[in-house]
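Colleague: Dropping the structure in here first, questions after.
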2 protein chains.
Amino acid sequence: MATIYEVSKLAGVSLATVSRVMNDPSKVSEKTQKKVLAAMQQLDYRPNTIAQSLASNRSNCVGVLVSELHGPIFGTMVSSIEEELTRAGKFTIFTAGHSDAATERKGIEFLAGRKCDALILHVEALHNEFFAERQNRLLPFVLLNRFAPGLEENCISLNNELGGYQATRMLLDIGHHQIAYISGPLEWSDAKARLSGHQRALAEARIEFEDDLLVEGDYHESGGVRAMQRLLELGRPITAVVCANDEMAAGAMEVIRNSGRSIPEDISVVGFDNVRWSKFLYPKLTTVEYPVAEMSRMAAKWVLKNVYREPQVDLQYVFHPRLICRASAAAPAQGQKPAPAQVATGKKAGAGS
Amino acid sequence: MATIYEVSKLAGVSLATVSRVMNDPSKVSEKTQKKVLAAMQQLDYRPNTIAQSLASNRSNCVGVLVSELHGPIFGTMVSSIEEELTRAGKFTIFTAGHSDAATERKGIEFLAGRKCDALILHVEALHNEFFAERQNRLLPFVLLNRFAPGLEENCISLNNELGGYQATRMLLDIGHHQIAYISGPLEWSDAKARLSGHQRALAEARIEFEDDLLVEGDYHESGGVRAMQRLLELGRPITAVVCANDEMAAGAMEVIRNSGRSIPEDISVVGFDNVRWSKFLYPKLTTVEYPVAEMSRMAAKWVLKNVYREPQVDLQYVFHPRLICRASAAAPAQGQKPAPAQVATGKKAGAGS
DNA sequence: CGCTAGAATGTAAGCGCTTCCACCTACCTG
DNA sequence: CAGGTAGGTGGAAGCGCTTACATTCTAGCG
């Protein structure tokens with residue numbers, strides 16, 4: 001492979017000049033540029049990016065850490081980011097954190113070791129403090145799908161609370177009262193936020209939140225299965241269940257169907273995320289859209305603006321979810337119990353008043 | 001960030017020695033090693049991988065080109081490869097080729113420019129000749145999911161023909177005669193192979209292959225929808241359809257259901273790939289397993305063995321598909337009349353006789 | 001026509017590491 | 001005890017590029 005040295009010799013100029021035509025052509029006269037470009041072409045010269053990085057201490061490369069490299073959410077993240085960055089002529093290096101603090105840490109070190117210019121991080125295990133502490137020591141970073149107080153400018157996040165609210169609110173609006181909730185792992189902030197949105201909707205409708213009707217899941221299908229089984233065993237007249245992601249909703253639907261009930265006639269199901277296959281489920285899943293692609297692209301833009309100084313970029317830090325109504329949720333069957341207008345189904349009816 | 005120089009000073013040894021303890025500790029006495037390691041620890045030293053690559057002309061990094069970075073197939077590829085390589089202490093850089101020759105080419109150049117030690121390529125547009133020509137000019141490469149005559153040792157492939165055969169053979173065995181086929185883009189070799197497996201099964205059963213019953217799809221859901229619509233419009237008594245991938249099967253199932261027919265009572269559906277969500281479909285999809293994860297891991301192992309000289313690796317070049325029987329395929333109703341036993345959820349029993 | 005500012009170009013010192021080669025000890029062997 | 005050997009170690013030359021600084025060239029001016 002030809003080196004810059006051979007190009008300079010063929011073009012009859014110095015190394016520095018060749019380097020300049022690549023990095024800042026305005027510093028070189030037209031005539032010389034032509035000569036150099038011609039020589040490059042003739043030799044089929046490609047700069048050695050490794051050498052460039054070493055010499056310039058910049059790599060034109062952004063590092064991305066995601067929990068997994070596959071799956072409908074992470075896959076979309078990865079590919080949206082790559083698309084946006086490639087369009088801007090930047091390179092991308094991906095690595096997986098597997099929702100494990102040590103692995104996430106190692107991933108960040110790996111990316112830093114490759115001399116990335118910036119990091120886009122989707123971490124789940126590392127805490128906000130980790131980043132707060134290193135805000136200035138670490139190379140520029142943006143946190144995807146996280147809201148960290150004090151680091152607002154480094155976060156691209158979803159209003160998960162609102163999403164949880166929307167799902168439950170819709171069910172309430174069409175007449176459900178006994179609404180179960182299958183959450184994500186409650187040590188994670190997005191899972192907590194989605195749940196508290198659910199709770200807010202209930203509170204607004206003056207329905208008491210009952211611990212029984214909440215099962216903590218794990219965001220996996222199998223977790224959805226287990227959770228739904230437990231809910232069914234309760235023997236309560238549940239007419240709807242909202243799941244903190246589509247994956248668990250798929251598991252829950254399976255269990256409901258196997259129990260001889262039908263969806264949505266007996267039990268309505270609502271998911272969260274709107275992954276690609278949620279409309280392949282039967283019935284098609286009503287869910288809350290998590291605009292992963294847009295958010296991921298925004299993270300890429302954050303880097304373009306803050307690190308590569310592209311000025312014409314408009315940043316949005318917080319995104320809003322949107323309810324997608326499909327077939328898996330409908331008004332409850334009238335017969336379940338003669339449901340009088342607003343009276344929540346019993347227990348301690350004497351809440352506020 | 002501390003450099004090797006500072007480590008050598010603190011440890012009281014030369015640069016060369018420090019370098020040796022990182023790269024070939026056997027060349028350094030135990031005592032010196034201890035000193036150096038202690039110094040490294042104390043300074044929190046991390047080698048600059050960029051500088052290492054430049055100096056050694058090796059990057060410990062393998063480049064991966066896939067058509068897309070997302071989706072159930074590519075996502076699995078990417079993450080299996082990364083897993084295997086990370087386990088071996090190697091790094092991975094991914095880029096997308098988007099099934100476009102020019103993009104694939106650029107991707108390969110990008111990876112080569114980053115001084116990868118080897119390439120794992122899942123290309124769709126570039127022809128075999130491209131690689132045959134460069135077998136020795138290009139850095140070591142392995143082609144994933146492709147069989148290129150003359151490059152057998154560089155290919156990890158699936159016996160697609162067999163998969164196509166298995167699907168149709170099973171349908172034949174349980175009594176189907178009118179079997180439609182929705183293929184992938186027939187300029188791609190895997191699509192061609194799957195189809196010819198189908199044809200072989202038909203031939204074996206002395207059933208004539210009819211052009212009418214073949215529709216060329218595009219491997220996307222929407223293509224499955226269009227293809228199935230066309231098949232239904234034919235007005236022929238089709239009792240089964242095999243789709244060249246699960247994606248199109250999902251589309252086909254949708255159309256079948258919307259037409260008032262039920263699956264598998266009226267029409268059996270078989271997919272190909274066994275993507276994760278194929279069992280979320282309703283009814284659960286009978287399909288042919290494409291062992292992407294294993295094959296991808298094998299590609300990684302190929303690199304480990306052939307490039308990084310790990311000797312204890314056993315390579316397998318050709319993989320075999322496996323039929324996964326689930327609920328979407330069953331024996332055809334006797335004589336197209338109301339089905340006897342087999343009744344599943346019996347919604348609209350109105351078969352289209 | 002000489003002088004000077006500014007543009008264009010060249011020189012050379014690194015960037016942080018690897019690795020060839022030379023050197024220096026022990027330690028054996030005969 | 002001389003000579004050989006092999007394991008440890010250090011010196012120093014790069015890897016291919018960027019960039020501060022020095023130098024040369026070119027106009028434009030008085």
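The chains in the structure tokens are called A, B, ... from first to last as shown; in each chain the residues are counted from 1, and the ligands are counted from 1 in the order shown.
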Quick one: which chain A residues come within 10 Å of chain C, and what is the nearest atom pair for each with the distance in Å to one decimal, counting only C-alpha atoms (C1' of nucleotides), rows ordered by chain and ascending number, as a Markdown table?
Modeller:
| residue | atom | partner | partner_atom | distance |
| --- | --- | --- | --- | --- |
| A:Val13 | CA | C:DT9 | C1' | 8.2 |
| A:Ser14 | CA | C:DG10 | C1' | 6.2 |
| A:Leu15 | CA | C:DG10 | C1' | 8.5 |
| A:Ala16 | CA | C:DG10 | C1' | 7.5 |
| A:Thr17 | CA | C:DT9 | C1' | 7.0 |
| A:Lys27 | CA | C:DA8 | C1' | 7.5 |
| A:Val28 | CA | C:DA8 | C1' | 6.6 |
| A:Ser29 | CA | C:DA8 | C1' | 7.0 |
| A:Thr32 | CA | C:DA8 | C1' | 9.6 |
| A:Ala51 | CA | C:DC15 | C1' | 8.8 |
| A:Gln52 | CA | C:DC15 | C1' | 9.5 |
| A:Ser53 | CA | C:DC15 | C1' | 8.7 |
| A:Leu54 | CA | C:DC15 | C1' | 5.3 |
| A:Ala55 | CA | C:DC15 | C1' | 4.7 |
| A:Ser56 | CA | C:DC15 | C1' | 7.5 |
| A:Asn57 | CA | C:DC15 | C1' | 7.5 |
Colleague: Give me the residues within 10 Å of B:Cys116 as a list in words, counting only C-alpha atoms (C1' of nucleotides) and dropping any in the same chain fewer than 5 places off.
Modeller: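 Skipping anything fewer than 5 positions along the chain leaves Ser53, Asn57, Arg58, Ser59, Asn60, Cys61, Val62, Gly63, Val64, Phe91, Thr92, Ile93, Phe110, Leu111, Leu139 and Pro140 of chain B.
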Colleague: What does the file look like for those residues with all heavy atoms, as a compact mmCIF listing (two decimals), in the first residue's frame?
Modeller:
# COMPACT_ATOMS: atom_id res chain seq x y z
N SER B 53 -1.05 -0.74 17.16
CA SER B 53 -1.36 -1.17 15.81
C SER B 53 -0.37 -0.61 14.81
O SER B 53 0.11 -1.31 13.92
CB SER B 53 -2.75 -0.70 15.38
OG SER B 53 -3.70 -1.18 16.27
N ASN B 57 1.78 -3.27 13.12
CA ASN B 57 1.08 -3.57 11.89
C ASN B 57 0.07 -4.71 12.08
O ASN B 57 -0.16 -5.51 11.20
CB ASN B 57 2.07 -3.93 10.78
CG ASN B 57 1.45 -3.75 9.41
OD1 ASN B 57 0.57 -2.89 9.25
ND2 ASN B 57 1.87 -4.52 8.45
N ARG B 58 -0.48 -4.76 13.26
CA ARG B 58 -1.52 -5.72 13.61
C ARG B 58 -2.45 -4.96 14.52
O ARG B 58 -1.99 -4.11 15.28
CB ARG B 58 -0.92 -6.82 14.48
CG ARG B 58 -0.69 -8.13 13.95
CD ARG B 58 -0.34 -9.17 15.02
NE ARG B 58 0.98 -9.08 15.62
CZ ARG B 58 1.24 -8.48 16.77
NH1 ARG B 58 0.28 -7.88 17.44
NH2 ARG B 58 2.47 -8.48 17.25
N SER B 59 -3.71 -5.27 14.47
CA SER B 59 -4.61 -4.47 15.29
C SER B 59 -5.40 -5.28 16.31
O SER B 59 -6.12 -4.72 17.11
CB SER B 59 -5.58 -3.72 14.38
OG SER B 59 -6.28 -4.63 13.58
N ASN B 60 -5.27 -6.59 16.25
CA ASN B 60 -6.06 -7.42 17.14
C ASN B 60 -7.53 -7.15 16.94
O ASN B 60 -8.34 -7.25 17.87
CB ASN B 60 -5.71 -7.13 18.59
CG ASN B 60 -4.80 -8.20 19.12
OD1 ASN B 60 -5.10 -9.37 18.99
ND2 ASN B 60 -3.67 -7.80 19.65
N CYS B 61 -7.84 -6.80 15.75
CA CYS B 61 -9.16 -6.30 15.47
C CYS B 61 -9.65 -6.95 14.19
O CYS B 61 -8.93 -6.98 13.19
CB CYS B 61 -9.03 -4.79 15.28
SG CYS B 61 -10.56 -3.97 15.17
N VAL B 62 -10.86 -7.52 14.24
CA VAL B 62 -11.36 -8.06 12.99
C VAL B 62 -12.55 -7.26 12.51
O VAL B 62 -13.37 -6.78 13.29
CB VAL B 62 -11.60 -9.61 13.03
CG1 VAL B 62 -11.17 -10.23 14.32
CG2 VAL B 62 -12.99 -9.97 12.64
N GLY B 63 -12.59 -7.06 11.22
CA GLY B 63 -13.64 -6.24 10.61
C GLY B 63 -14.78 -7.12 10.16
O GLY B 63 -14.58 -8.20 9.62
N VAL B 64 -15.98 -6.65 10.39
CA VAL B 64 -17.15 -7.42 10.00
C VAL B 64 -18.06 -6.57 9.12
O VAL B 64 -18.42 -5.45 9.50
CB VAL B 64 -17.94 -7.89 11.25
CG1 VAL B 64 -19.18 -8.64 10.84
CG2 VAL B 64 -17.07 -8.74 12.14
N PHE B 91 -10.81 -7.55 19.12
CA PHE B 91 -11.80 -6.50 18.97
C PHE B 91 -12.52 -6.68 17.64
O PHE B 91 -12.04 -7.36 16.74
CB PHE B 91 -11.14 -5.14 19.04
CG PHE B 91 -10.38 -4.94 20.30
CD1 PHE B 91 -9.05 -4.55 20.30
CD2 PHE B 91 -10.99 -5.19 21.53
CE1 PHE B 91 -8.35 -4.40 21.48
CE2 PHE B 91 -10.29 -5.03 22.72
CZ PHE B 91 -8.97 -4.64 22.70
N THR B 92 -13.64 -6.02 17.55
CA THR B 92 -14.46 -6.18 16.36
C THR B 92 -14.95 -4.82 15.89
O THR B 92 -15.33 -3.99 16.70
CB THR B 92 -15.69 -7.05 16.69
OG1 THR B 92 -15.31 -8.09 17.57
CG2 THR B 92 -16.28 -7.63 15.43
N ILE B 93 -14.90 -4.62 14.59
CA ILE B 93 -15.47 -3.39 14.03
C ILE B 93 -16.51 -3.79 13.00
O ILE B 93 -16.25 -4.62 12.15
CB ILE B 93 -14.39 -2.53 13.36
CG1 ILE B 93 -13.36 -2.09 14.39
CG2 ILE B 93 -15.01 -1.31 12.73
CD1 ILE B 93 -12.33 -1.14 13.85
N PHE B 110 -13.04 0.51 4.11
CA PHE B 110 -13.02 1.14 5.44
C PHE B 110 -12.35 0.20 6.44
O PHE B 110 -11.43 0.58 7.17
CB PHE B 110 -14.44 1.47 5.87
CG PHE B 110 -14.61 1.67 7.34
CD1 PHE B 110 -13.82 2.58 8.03
CD2 PHE B 110 -15.56 0.95 8.05
CE1 PHE B 110 -13.97 2.76 9.40
CE2 PHE B 110 -15.72 1.13 9.42
CZ PHE B 110 -14.92 2.03 10.09
N LEU B 111 -12.79 -1.04 6.42
CA LEU B 111 -12.24 -2.00 7.38
C LEU B 111 -10.76 -2.23 7.13
O LEU B 111 -9.96 -2.32 8.06
CB LEU B 111 -13.02 -3.31 7.29
CG LEU B 111 -14.50 -3.21 7.69
CD1 LEU B 111 -15.23 -4.50 7.37
CD2 LEU B 111 -14.64 -2.87 9.17
N LEU B 139 -6.64 -8.73 2.63
CA LEU B 139 -6.27 -9.39 3.88
C LEU B 139 -7.17 -10.61 4.09
O LEU B 139 -8.20 -10.72 3.44
CB LEU B 139 -6.29 -8.44 5.06
CG LEU B 139 -7.53 -7.68 5.44
CD1 LEU B 139 -7.26 -6.83 6.65
CD2 LEU B 139 -8.04 -6.84 4.31
N PRO B 140 -6.80 -11.51 4.98
CA PRO B 140 -7.52 -12.77 5.12
C PRO B 140 -9.02 -12.51 5.32
O PRO B 140 -9.40 -11.64 6.09
CB PRO B 140 -6.93 -13.38 6.39
CG PRO B 140 -5.62 -12.73 6.58
CD PRO B 140 -5.70 -11.39 5.94
Colleague: Just the number, please: Cα RMSD of chain A on chain B after least-squares superposition over all C-alpha atoms matched in order.
Modeller: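 C-alpha RMSD after optimal superposition stands at 5.6 Å.
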Colleague: I need the strand (DSSP E or B) residues of stretch 51-144 of chain A per DSSP on the backbone, written as number ranges by chain.
Modeller: A: 61-66, 91-96, 118-121, 141-144
Colleague: Set the cut-off to 6 Å and count only C-alpha atoms (C1' of nucleotides): what are the residues of chain D that reach chain A? Output as a ChimeraX atom specification.
Modeller: /D:16-18
Colleague: Give one line per residue of chain B that approaches chain A to at most 8 Å, naming the two atoms of the closest pair and their distance in Å to one decimal, counting only C-alpha atoms; sort by chain then ascending residue number and deliver it as a tab-separated table.
Modeller:
residue	atom	partner	partner_atom	distance
B:Arg46	CA	A:Gly113	CA	7.4
B:Pro47	CA	A:Gly113	CA	7.5
B:Asn48	CA	A:Gly113	CA	5.9
B:Thr49	CA	A:Arg114	CA	5.9
B:Ile50	CA	A:Ile50	CA	6.0
B:Ala51	CA	A:Leu54	CA	6.1
B:Ser53	CA	A:Ile50	CA	7.1
B:Leu54	CA	A:Ala51	CA	6.1
B:Glu68	CA	A:Ser79	CA	7.3
B:Leu69	CA	A:Ser79	CA	5.2
B:His70	CA	A:Gly75	CA	4.2
B:Gly71	CA	A:Gly75	CA	6.5
B:Pro72	CA	A:Gly71	CA	6.7
B:Phe74	CA	A:His70	CA	8.0
B:Gly75	CA	A:His70	CA	4.2
B:Thr76	CA	A:His70	CA	5.9
B:Val78	CA	A:Leu69	CA	6.7
B:Ser79	CA	A:Leu69	CA	5.2
B:Glu82	CA	A:Thr95	CA	7.9
B:Thr92	CA	A:Phe94	CA	7.9
B:Ile93	CA	A:Ile93	CA	5.7
B:Phe94	CA	A:Ile93	CA	6.8
B:Thr95	CA	A:Glu82	CA	7.9
B:Gly113	CA	A:Asn48	CA	6.0
B:Arg114	CA	A:Thr49	CA	5.9
B:Lys115	CA	A:Ile50	CA	7.2
B:Ala250	CA	A:Phe280	CA	6.7
B:Trp277	CA	A:Trp277	CA	6.9
B:Phe280	CA	A:Leu281	CA	6.0
B:Leu281	CA	A:Leu281	CA	5.4
B:Tyr282	CA	A:Tyr282	CA	5.7
Colleague: In Å, how far is it from atom CA of A:Phe272 to atom CA of B:Ile263?
Modeller: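 Computing the Euclidean distance for atom CA of A:Phe272 and atom CA of B:Ile263 yields 28.0 Å.
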Colleague: Taking the backbone alone, and naming residues the way the document does, which bits of stretch 78-230 of chain A are alpha helix (DSSP H) by DSSP, as an MDAnalysis selection string?
Modeller: chainID A and resid 78:87 101:113 128:134 160:173 189:204 221:230
Colleague: Skipping near chain neighbours, those fewer than 6 positions away, what residues fall within 12 Å of B:Glu204 using only C-alpha atoms (C1' of nucleotides), listed as a CSV table (one decimal) with N, CA and C atoms, in the first residue's frame?
Modeller:
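So the final result, stored in around-v1.csv, reads:
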chain,number,residue,atom,x,y,z
B,165,TYR,N,-35.8,-28.3,0.5
B,165,TYR,CA,-36.3,-29.7,0.3
B,165,TYR,C,-37.1,-30.1,1.6
B,168,THR,N,-40.7,-28.6,1.9
B,168,THR,CA,-41.7,-29.2,1.0
B,168,THR,C,-41.9,-30.7,1.2
B,169,ARG,N,-40.8,-31.4,1.5
B,169,ARG,CA,-40.9,-32.8,1.7
B,169,ARG,C,-41.9,-33.1,2.8
B,172,LEU,N,-45.4,-32.6,1.7
B,172,LEU,CA,-45.8,-33.7,0.9
B,172,LEU,C,-46.1,-34.9,1.7
B,173,ASP,N,-45.3,-35.2,2.7
B,173,ASP,CA,-45.4,-36.3,3.5
B,173,ASP,C,-46.8,-36.3,4.3
B,197,GLY,N,-34.4,-26.7,-3.8
B,197,GLY,CA,-34.7,-27.8,-2.9
B,197,GLY,C,-36.2,-28.1,-2.9
B,198,HIS,N,-37.0,-27.1,-3.0
B,198,HIS,CA,-38.5,-27.3,-3.1
B,198,HIS,C,-38.8,-28.1,-4.3
